[in-house]
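Colleague: Compact mmCIF, C-alpha atoms (C1' of nucleotides), saved as entry_27.txt, coming up:
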# COMPACT_ATOMS: atom_id res chain seq x y z
CA MET A 291 241.24 18.81 -158.26
CA LYS A 292 242.79 15.36 -158.29
CA SER A 293 246.46 14.45 -157.99
CA LEU A 294 248.91 15.68 -160.61
CA ARG A 295 252.18 14.76 -158.96
CA THR A 296 255.43 14.51 -160.86
CA PRO A 297 256.82 10.95 -160.75
CA ALA A 298 260.47 10.32 -159.88
CA ASP A 299 261.00 7.89 -162.74
CA GLU A 300 259.30 6.10 -165.62
CA ALA A 301 258.21 3.15 -163.55
CA GLU A 302 256.37 5.39 -161.11
CA ALA A 303 254.85 7.32 -164.03
CA CYS A 304 253.42 4.11 -165.49
CA ALA A 305 252.07 3.13 -162.09
CA ILE A 306 250.27 6.46 -161.79
CA GLN A 307 248.75 5.98 -165.25
CA ASP A 308 247.56 2.49 -164.39
CA GLU A 309 245.94 3.84 -161.25
CA LEU A 310 244.27 6.90 -162.79
CA ARG A 311 243.11 4.94 -165.82
CA THR A 312 240.38 3.30 -163.74
CA ARG A 313 238.75 6.72 -163.34
CA VAL A 314 238.32 7.41 -167.05
CA VAL A 315 234.67 7.79 -168.10
CA LEU A 316 233.93 6.41 -171.56
CA ASP A 317 230.16 6.00 -171.49
CA GLU A 318 229.15 9.64 -171.83
CA PRO A 319 228.41 11.08 -175.30
CA GLY A 320 229.75 14.50 -174.34
CA PRO A 321 228.59 17.91 -175.57
CA PRO A 322 226.79 17.89 -178.96
CA PRO A 323 229.08 19.13 -181.77
CA GLY A 324 228.57 22.79 -182.59
CA THR A 325 227.20 23.76 -179.19
CA GLY A 326 228.72 25.31 -176.09
CA PHE A 327 232.42 26.02 -175.68
CA VAL A 328 235.47 24.11 -176.80
CA THR A 329 238.93 24.86 -175.41
CA GLY A 330 242.17 24.22 -177.25
CA VAL A 331 245.35 23.68 -175.24
CA ASP A 332 248.98 23.46 -176.35
CA VAL A 333 252.51 23.99 -175.02
CA ALA A 334 255.83 25.33 -176.31
CA TYR A 335 259.27 24.56 -174.88
CA ASP A 336 262.62 26.21 -174.41
CA ASP A 337 264.91 23.39 -173.35
CA GLU A 338 267.84 25.78 -172.97
CA ARG A 339 266.16 27.70 -170.16
CA ASP A 340 264.13 24.70 -169.00
CA LEU A 341 260.88 26.57 -169.64
CA VAL A 342 257.46 25.46 -170.79
CA ALA A 343 254.59 27.80 -171.73
CA ALA A 344 251.00 26.61 -172.00
CA ALA A 345 247.96 28.23 -173.56
CA ALA A 346 244.24 27.59 -173.27
CA VAL A 347 241.90 29.23 -175.78
CA VAL A 348 238.15 29.01 -175.27
CA ILE A 349 236.20 29.02 -178.53
CA ASP A 350 232.50 29.25 -179.27
CA ALA A 351 231.75 25.90 -180.93
CA ALA A 352 229.06 27.37 -183.18
CA THR A 353 230.96 30.37 -184.55
CA LEU A 354 234.57 29.41 -183.74
CA ALA A 355 235.00 32.90 -182.29
CA VAL A 356 237.55 33.23 -179.48
CA VAL A 357 235.86 33.74 -176.11
CA GLU A 358 238.78 33.83 -173.70
CA GLU A 359 242.53 33.15 -173.61
CA ALA A 360 244.87 32.19 -170.79
CA THR A 361 248.54 31.26 -170.47
CA ALA A 362 250.89 29.87 -167.84
CA VAL A 363 254.66 29.45 -167.70
CA GLY A 364 256.60 26.93 -165.66
CA ARG A 365 259.64 24.68 -165.45
CA VAL A 366 259.84 21.45 -167.43
CA ALA A 367 259.06 18.81 -164.81
CA PHE A 368 259.61 15.61 -166.79
CA PRO A 369 261.60 14.54 -169.89
CA TYR A 370 259.95 13.64 -173.17
CA VAL A 371 259.21 9.95 -173.15
CA PRO A 372 256.73 8.54 -175.70
CA GLY A 373 253.76 7.36 -173.67
CA LEU A 374 254.47 9.68 -170.75
CA LEU A 375 253.81 13.04 -172.38
CA ALA A 376 251.22 14.04 -169.80
CA PHE A 377 253.78 14.38 -167.03
CA ARG A 378 255.73 16.85 -169.13
CA GLU A 379 252.83 18.99 -170.31
CA LEU A 380 249.94 18.80 -167.90
CA PRO A 381 251.15 20.78 -164.87
CA THR A 382 251.42 23.97 -166.94
CA VAL A 383 248.37 23.23 -169.08
CA VAL A 384 246.20 22.74 -165.99
CA ALA A 385 247.53 25.99 -164.54
CA ALA A 386 246.43 27.81 -167.69
CA LEU A 387 243.00 26.17 -167.59
CA GLU A 388 242.53 27.13 -163.95
CA SER A 389 243.16 30.79 -164.66
CA LEU A 390 240.22 30.92 -167.09
CA THR A 391 237.05 32.62 -165.89
CA THR A 392 234.95 30.77 -168.50
CA ASP A 393 233.89 27.14 -168.23
CA PRO A 394 236.21 25.34 -170.71
CA GLY A 395 233.57 22.93 -171.94
CA LEU A 396 235.24 20.24 -174.07
CA VAL A 397 239.05 20.39 -174.01
CA VAL A 398 240.89 19.53 -177.22
CA CYS A 399 244.46 18.34 -176.66
CA ASP A 400 247.45 17.98 -178.96
CA GLY A 401 248.05 14.26 -178.72
CA TYR A 402 246.11 11.18 -177.73
CA GLY A 403 243.62 9.83 -175.24
CA GLN A 404 242.68 6.16 -175.56
CA ALA A 405 245.16 5.69 -178.38
CA HIS A 406 247.99 5.02 -175.97
CA PRO A 407 250.09 1.98 -174.90
CA ARG A 408 248.26 1.88 -171.55
CA ARG A 409 245.03 3.48 -172.81
CA PHE A 410 245.78 6.64 -170.87
CA GLY A 411 247.20 9.37 -173.05
CA LEU A 412 247.44 13.10 -172.49
CA ALA A 413 243.74 13.79 -173.10
CA SER A 414 242.59 11.01 -170.75
CA HIS A 415 244.93 12.22 -168.03
CA LEU A 416 243.79 15.81 -168.39
CA GLY A 417 240.16 14.74 -168.26
CA VAL A 418 240.53 12.64 -165.13
CA VAL A 419 242.58 15.27 -163.31
CA THR A 420 240.20 18.15 -164.10
CA GLY A 421 236.92 16.27 -164.47
CA LEU A 422 236.39 18.01 -167.82
CA ALA A 423 235.35 16.35 -171.07
CA ALA A 424 238.54 15.93 -173.12
CA MET A 425 239.66 14.54 -176.47
CA GLY A 426 242.88 14.36 -178.44
CA VAL A 427 243.78 15.37 -181.98
CA ALA A 428 247.27 14.26 -183.02
CA LYS A 429 249.29 14.90 -186.16
CA ASN A 430 250.89 11.45 -186.24
CA PRO A 431 249.62 7.86 -185.87
CA PHE A 432 252.11 7.13 -183.04
CA THR A 433 252.52 3.34 -182.92
CA PHE A 434 249.12 2.61 -184.38
CA THR A 435 248.07 1.58 -187.86
CA TYR A 436 245.33 2.74 -190.22
CA GLU A 437 244.12 2.46 -193.77
CA GLN A 438 244.16 5.67 -195.80
CA PRO A 439 240.71 7.34 -195.40
CA ASP A 440 238.84 8.30 -198.56
CA HIS A 441 240.18 11.38 -200.36
CA HIS A 442 237.45 13.81 -199.30
CA ARG A 443 236.98 15.96 -196.18
CA GLY A 444 235.08 14.10 -193.47
CA ALA A 445 236.30 10.64 -194.46
CA VAL A 446 237.44 8.42 -191.61
CA SER A 447 239.13 5.08 -191.04
CA PRO A 448 239.77 3.24 -187.77
CA LEU A 449 243.04 3.69 -185.92
CA LEU A 450 244.02 0.23 -184.75
CA ASP A 451 246.31 -1.14 -182.06
CA GLY A 452 248.27 -4.37 -182.39
CA THR A 453 245.20 -6.38 -181.45
CA GLY A 454 243.08 -4.87 -184.20
CA GLU A 455 241.01 -2.93 -181.70
CA GLU A 456 239.86 0.58 -182.65
CA VAL A 457 241.56 3.09 -180.33
CA GLY A 458 240.77 6.18 -182.38
CA ARG A 459 240.17 7.38 -185.92
CA ALA A 460 242.13 8.84 -188.80
CA LEU A 461 240.03 11.81 -189.91
CA ARG A 462 240.47 13.71 -193.17
CA THR A 463 239.72 17.35 -192.32
CA GLN A 464 240.63 18.73 -195.77
CA ASP A 465 240.35 17.15 -199.23
CA GLY A 466 243.51 15.34 -200.20
CA VAL A 467 245.41 16.44 -197.08
CA LYS A 468 247.01 14.04 -194.60
CA PRO A 469 244.46 13.06 -191.93
CA VAL A 470 244.60 13.94 -188.23
CA PHE A 471 244.26 11.27 -185.56
CA VAL A 472 241.36 11.62 -183.17
CA SER A 473 240.88 9.69 -179.94
CA VAL A 474 238.67 9.92 -176.89
CA GLY A 475 240.05 11.28 -173.67
CA HIS A 476 237.30 11.50 -171.05
CA ARG A 477 233.50 11.91 -171.04
CA VAL A 478 233.06 12.10 -174.82
CA SER A 479 232.25 9.46 -177.46
CA LEU A 480 234.50 8.78 -180.43
CA ASP A 481 231.72 9.75 -182.85
CA ASN A 482 231.25 13.10 -181.17
CA ALA A 483 235.00 13.66 -180.84
CA CYS A 484 235.38 13.20 -184.60
CA ALA A 485 232.38 15.43 -185.32
CA HIS A 486 233.89 18.15 -183.12
CA ALA A 487 237.28 17.85 -184.75
CA LEU A 488 235.76 18.17 -188.22
CA ARG A 489 233.68 21.23 -187.34
CA LEU A 490 236.69 22.85 -185.71
CA ALA A 491 238.73 22.48 -188.89
CA PRO A 492 236.70 24.17 -191.66
CA ALA A 493 239.70 25.66 -193.43
CA PHE A 494 242.88 23.94 -192.27
CA ARG A 495 244.06 20.46 -191.38
CA LEU A 496 244.25 21.21 -187.65
CA PRO A 497 241.34 22.42 -185.47
CA GLU A 498 241.12 26.19 -184.99
CA SER A 499 241.30 25.54 -181.25
CA THR A 500 244.75 23.98 -181.43
CA ARG A 501 245.96 26.49 -184.02
CA ALA A 502 244.97 29.33 -181.71
CA ALA A 503 246.52 27.67 -178.66
CA ASP A 504 249.70 26.93 -180.59
CA THR A 505 250.15 30.55 -181.62
CA LEU A 506 249.38 31.81 -178.12
CA CYS A 507 251.73 29.50 -176.20
CA ARG A 508 254.62 30.38 -178.51
CA ARG A 509 254.00 34.05 -177.89
CA ALA A 510 253.76 33.43 -174.14
CA LEU A 511 257.08 31.58 -174.21
CA HIS A 512 258.85 34.41 -176.00
CA GLU A 513 257.38 36.99 -173.67
CA ALA A 514 258.50 34.96 -170.67
CA ILE A 515 262.04 34.80 -172.06
CA GLY A 516 261.99 38.50 -172.79
CA THR A 517 260.92 39.16 -169.23
CA GLY A 518 263.86 37.13 -167.96
CA PHE A 519 261.77 34.33 -166.52
CA GLY A 520 264.50 31.68 -166.56
CA THR A 521 267.28 33.97 -165.39
CA THR A 522 269.24 33.60 -162.13
CA THR A 523 270.80 37.06 -162.17
C1' DG B 296 268.10 -8.06 -178.24
C1' DC B 297 267.21 -3.85 -181.40
C1' DG B 298 264.41 -0.19 -183.14
C1' DA B 299 260.05 2.81 -183.19
C1' DC B 300 257.67 6.04 -180.74
C1' DA B 301 252.06 11.72 -179.33
C1' DG B 302 254.88 16.61 -178.18
C1' DA C 280 258.76 19.96 -179.70
C1' DT C 281 262.69 22.95 -182.05
C1' DC C 282 266.33 24.99 -185.63
C1' DT C 283 264.87 28.05 -190.42
C1' DT C 284 264.72 31.36 -196.52
C1' DG C 285 262.57 31.73 -200.00
C1' DT C 286 258.83 30.63 -202.65
C1' DC C 287 254.38 29.10 -204.72
C1' DG C 288 249.55 30.34 -204.78
C1' DC C 289 244.86 32.25 -203.54
Show how you would write the structure in this file as structure tokens.

Modeller:
Amino acid sequence: MKSLRTPADEAEACAIQDELRTRVVLDEPGPPPGTGFVTGVDVAYDDERDLVAAAAVVIDAATLAVVEEATAVGRVAFPYVPGLLAFRELPTVVAALESLTTDPGLVVCDGYGQAHPRRFGLASHLGVVTGLAAMGVAKNPFTFTYEQPDHHRGAVSPLLDGTGEEVGRALRTQDGVKPVFVSVGHRVSLDNACAHALRLAPAFRLPESTRAADTLCRRALHEAIGTGFGTTT
DNA sequence: GCGACAG
DNA sequence: ATCTTGTCGC
């Protein structure tokens, strides 16, 4: 496992991203859509108690059946700063992934990979740190621009940065519903990332993997609070 | 210089 | 992210 240190400030965080970015692998196609395992990860916060709960849910890519679930709870190690999300979420997410007994396969993150101010979003960071194939599916376009994809499910349009370069794709996963924003993280092509995202979302806007992880991390957070995790007495 | 800004 | 009732619809 590579370094996943918590920076002292934003400047150091950016420096770490610039350094780790050189280790991102973008020339691998990744696992074929519909085969092997896909793992959704997500986190939930309780700022009052300074807690963060993460969940990792392994899903069979062909049937979308849940194969294994894992959770981890920890302290919030970094504030929310757009562009530096990884330092806030990854420590706990990686802990959850490490407690799995199943090979995670392709990891699907809530957020971005290449679609990032320094081309090193959450999904890229997770991929480099764990060595796993990783991609991001976000609910918002962040600072990027895009043309509205065609009305039907499966339609896509490029997600562009200020230079006009494609950093990801707006993907319509349900007819007439707001698209999701897919970008590559590590060891997977953009075409395959989009194909995976579409297959993972047969009934709802968001992939089943992130829906399952979202539900699980919220439950883990509440259970941690009920157990008195963040209590001093 | 002043916003905007993944979760 | 998170705080939150009822309500519309399959």

Colleague: Please report as an MDAnalysis selection string which residues of chain B come no farther than 10 Å from chain A, using all atoms listed in the file.

Modeller: chainID B and resid 299:302

Colleague: So, with all atoms listed in the file as the atoms that count, which of A:Ala385, A:Asp337, A:Ala298, A:Arg495 lies closest to chain C?

Modeller: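 Ranked by minimum distance to chain C, first place goes to A:Asp337.
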
Colleague: With only C-alpha atoms (C1' of nucleotides) counted and 12 Å as the cut-off, give the residues of chain C in contact with chain A, each with its shortest interatomic distance in Å and the pair that gives it, as a Markdown table.

Modeller:
| residue | atom | partner | partner_atom | distance |
| --- | --- | --- | --- | --- |
| C:DA280 | C1' | A:Tyr335 | CA | 6.7 |
| C:DT281 | C1' | A:Tyr335 | CA | 8.1 |
| C:DC282 | C1' | A:Asp336 | CA | 11.9 |

Colleague: Please return the centre and edge lengths, in Å to one decimal, of a box with edges along x, y and z that contains all listed atoms of chain B, widened by 4 Å on every side, as AutoDock Vina command-line options.

Modeller:
--center_x 260.1 --center_y 4.3 --center_z -180.7 --size_x 24.0 --size_y 32.7 --size_z 13.0

Colleague: Please indicate the distance in Å from atom CA of A:Gly326 to atom CA of A:Thr353, rounded to one decimal place.

Modeller: 10.1 Å

Colleague: Can you tell me, as a list in words, what residues are no more than 7 Å from stretch 480-483 of chain A when counting all atoms listed in the file, ignoring any on the same chain fewer than 2 positions away?

Modeller: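 Once the nearby chain positions are removed, what remains is Pro319, Pro322, Pro323, Met425, Ser473, Val474, Val478, Ala485, His486 and Ala487 of chain A.
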
Colleague: Compile the contact shell of A:Asp465 as number ranges by chain: residues with an atom at most 10 Å away, counting all atoms listed in the file, same-chain residues fewer than 5 positions apart removed.

Modeller: A: 440-445, 495

Colleague: Record the distance separating atom CA of A:Gln404 and atom CA of A:Pro448, expressed in Å with one decimal.

Modeller: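 Rounded to one decimal, the two atoms are 12.9 Å apart.
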
Colleague: Report the distance between atom CA of A:Val357 and atom CA of A:Leu511 in Å, rounded to one decimal place.

Modeller: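 Distance between the two atoms: 21.4 Å.
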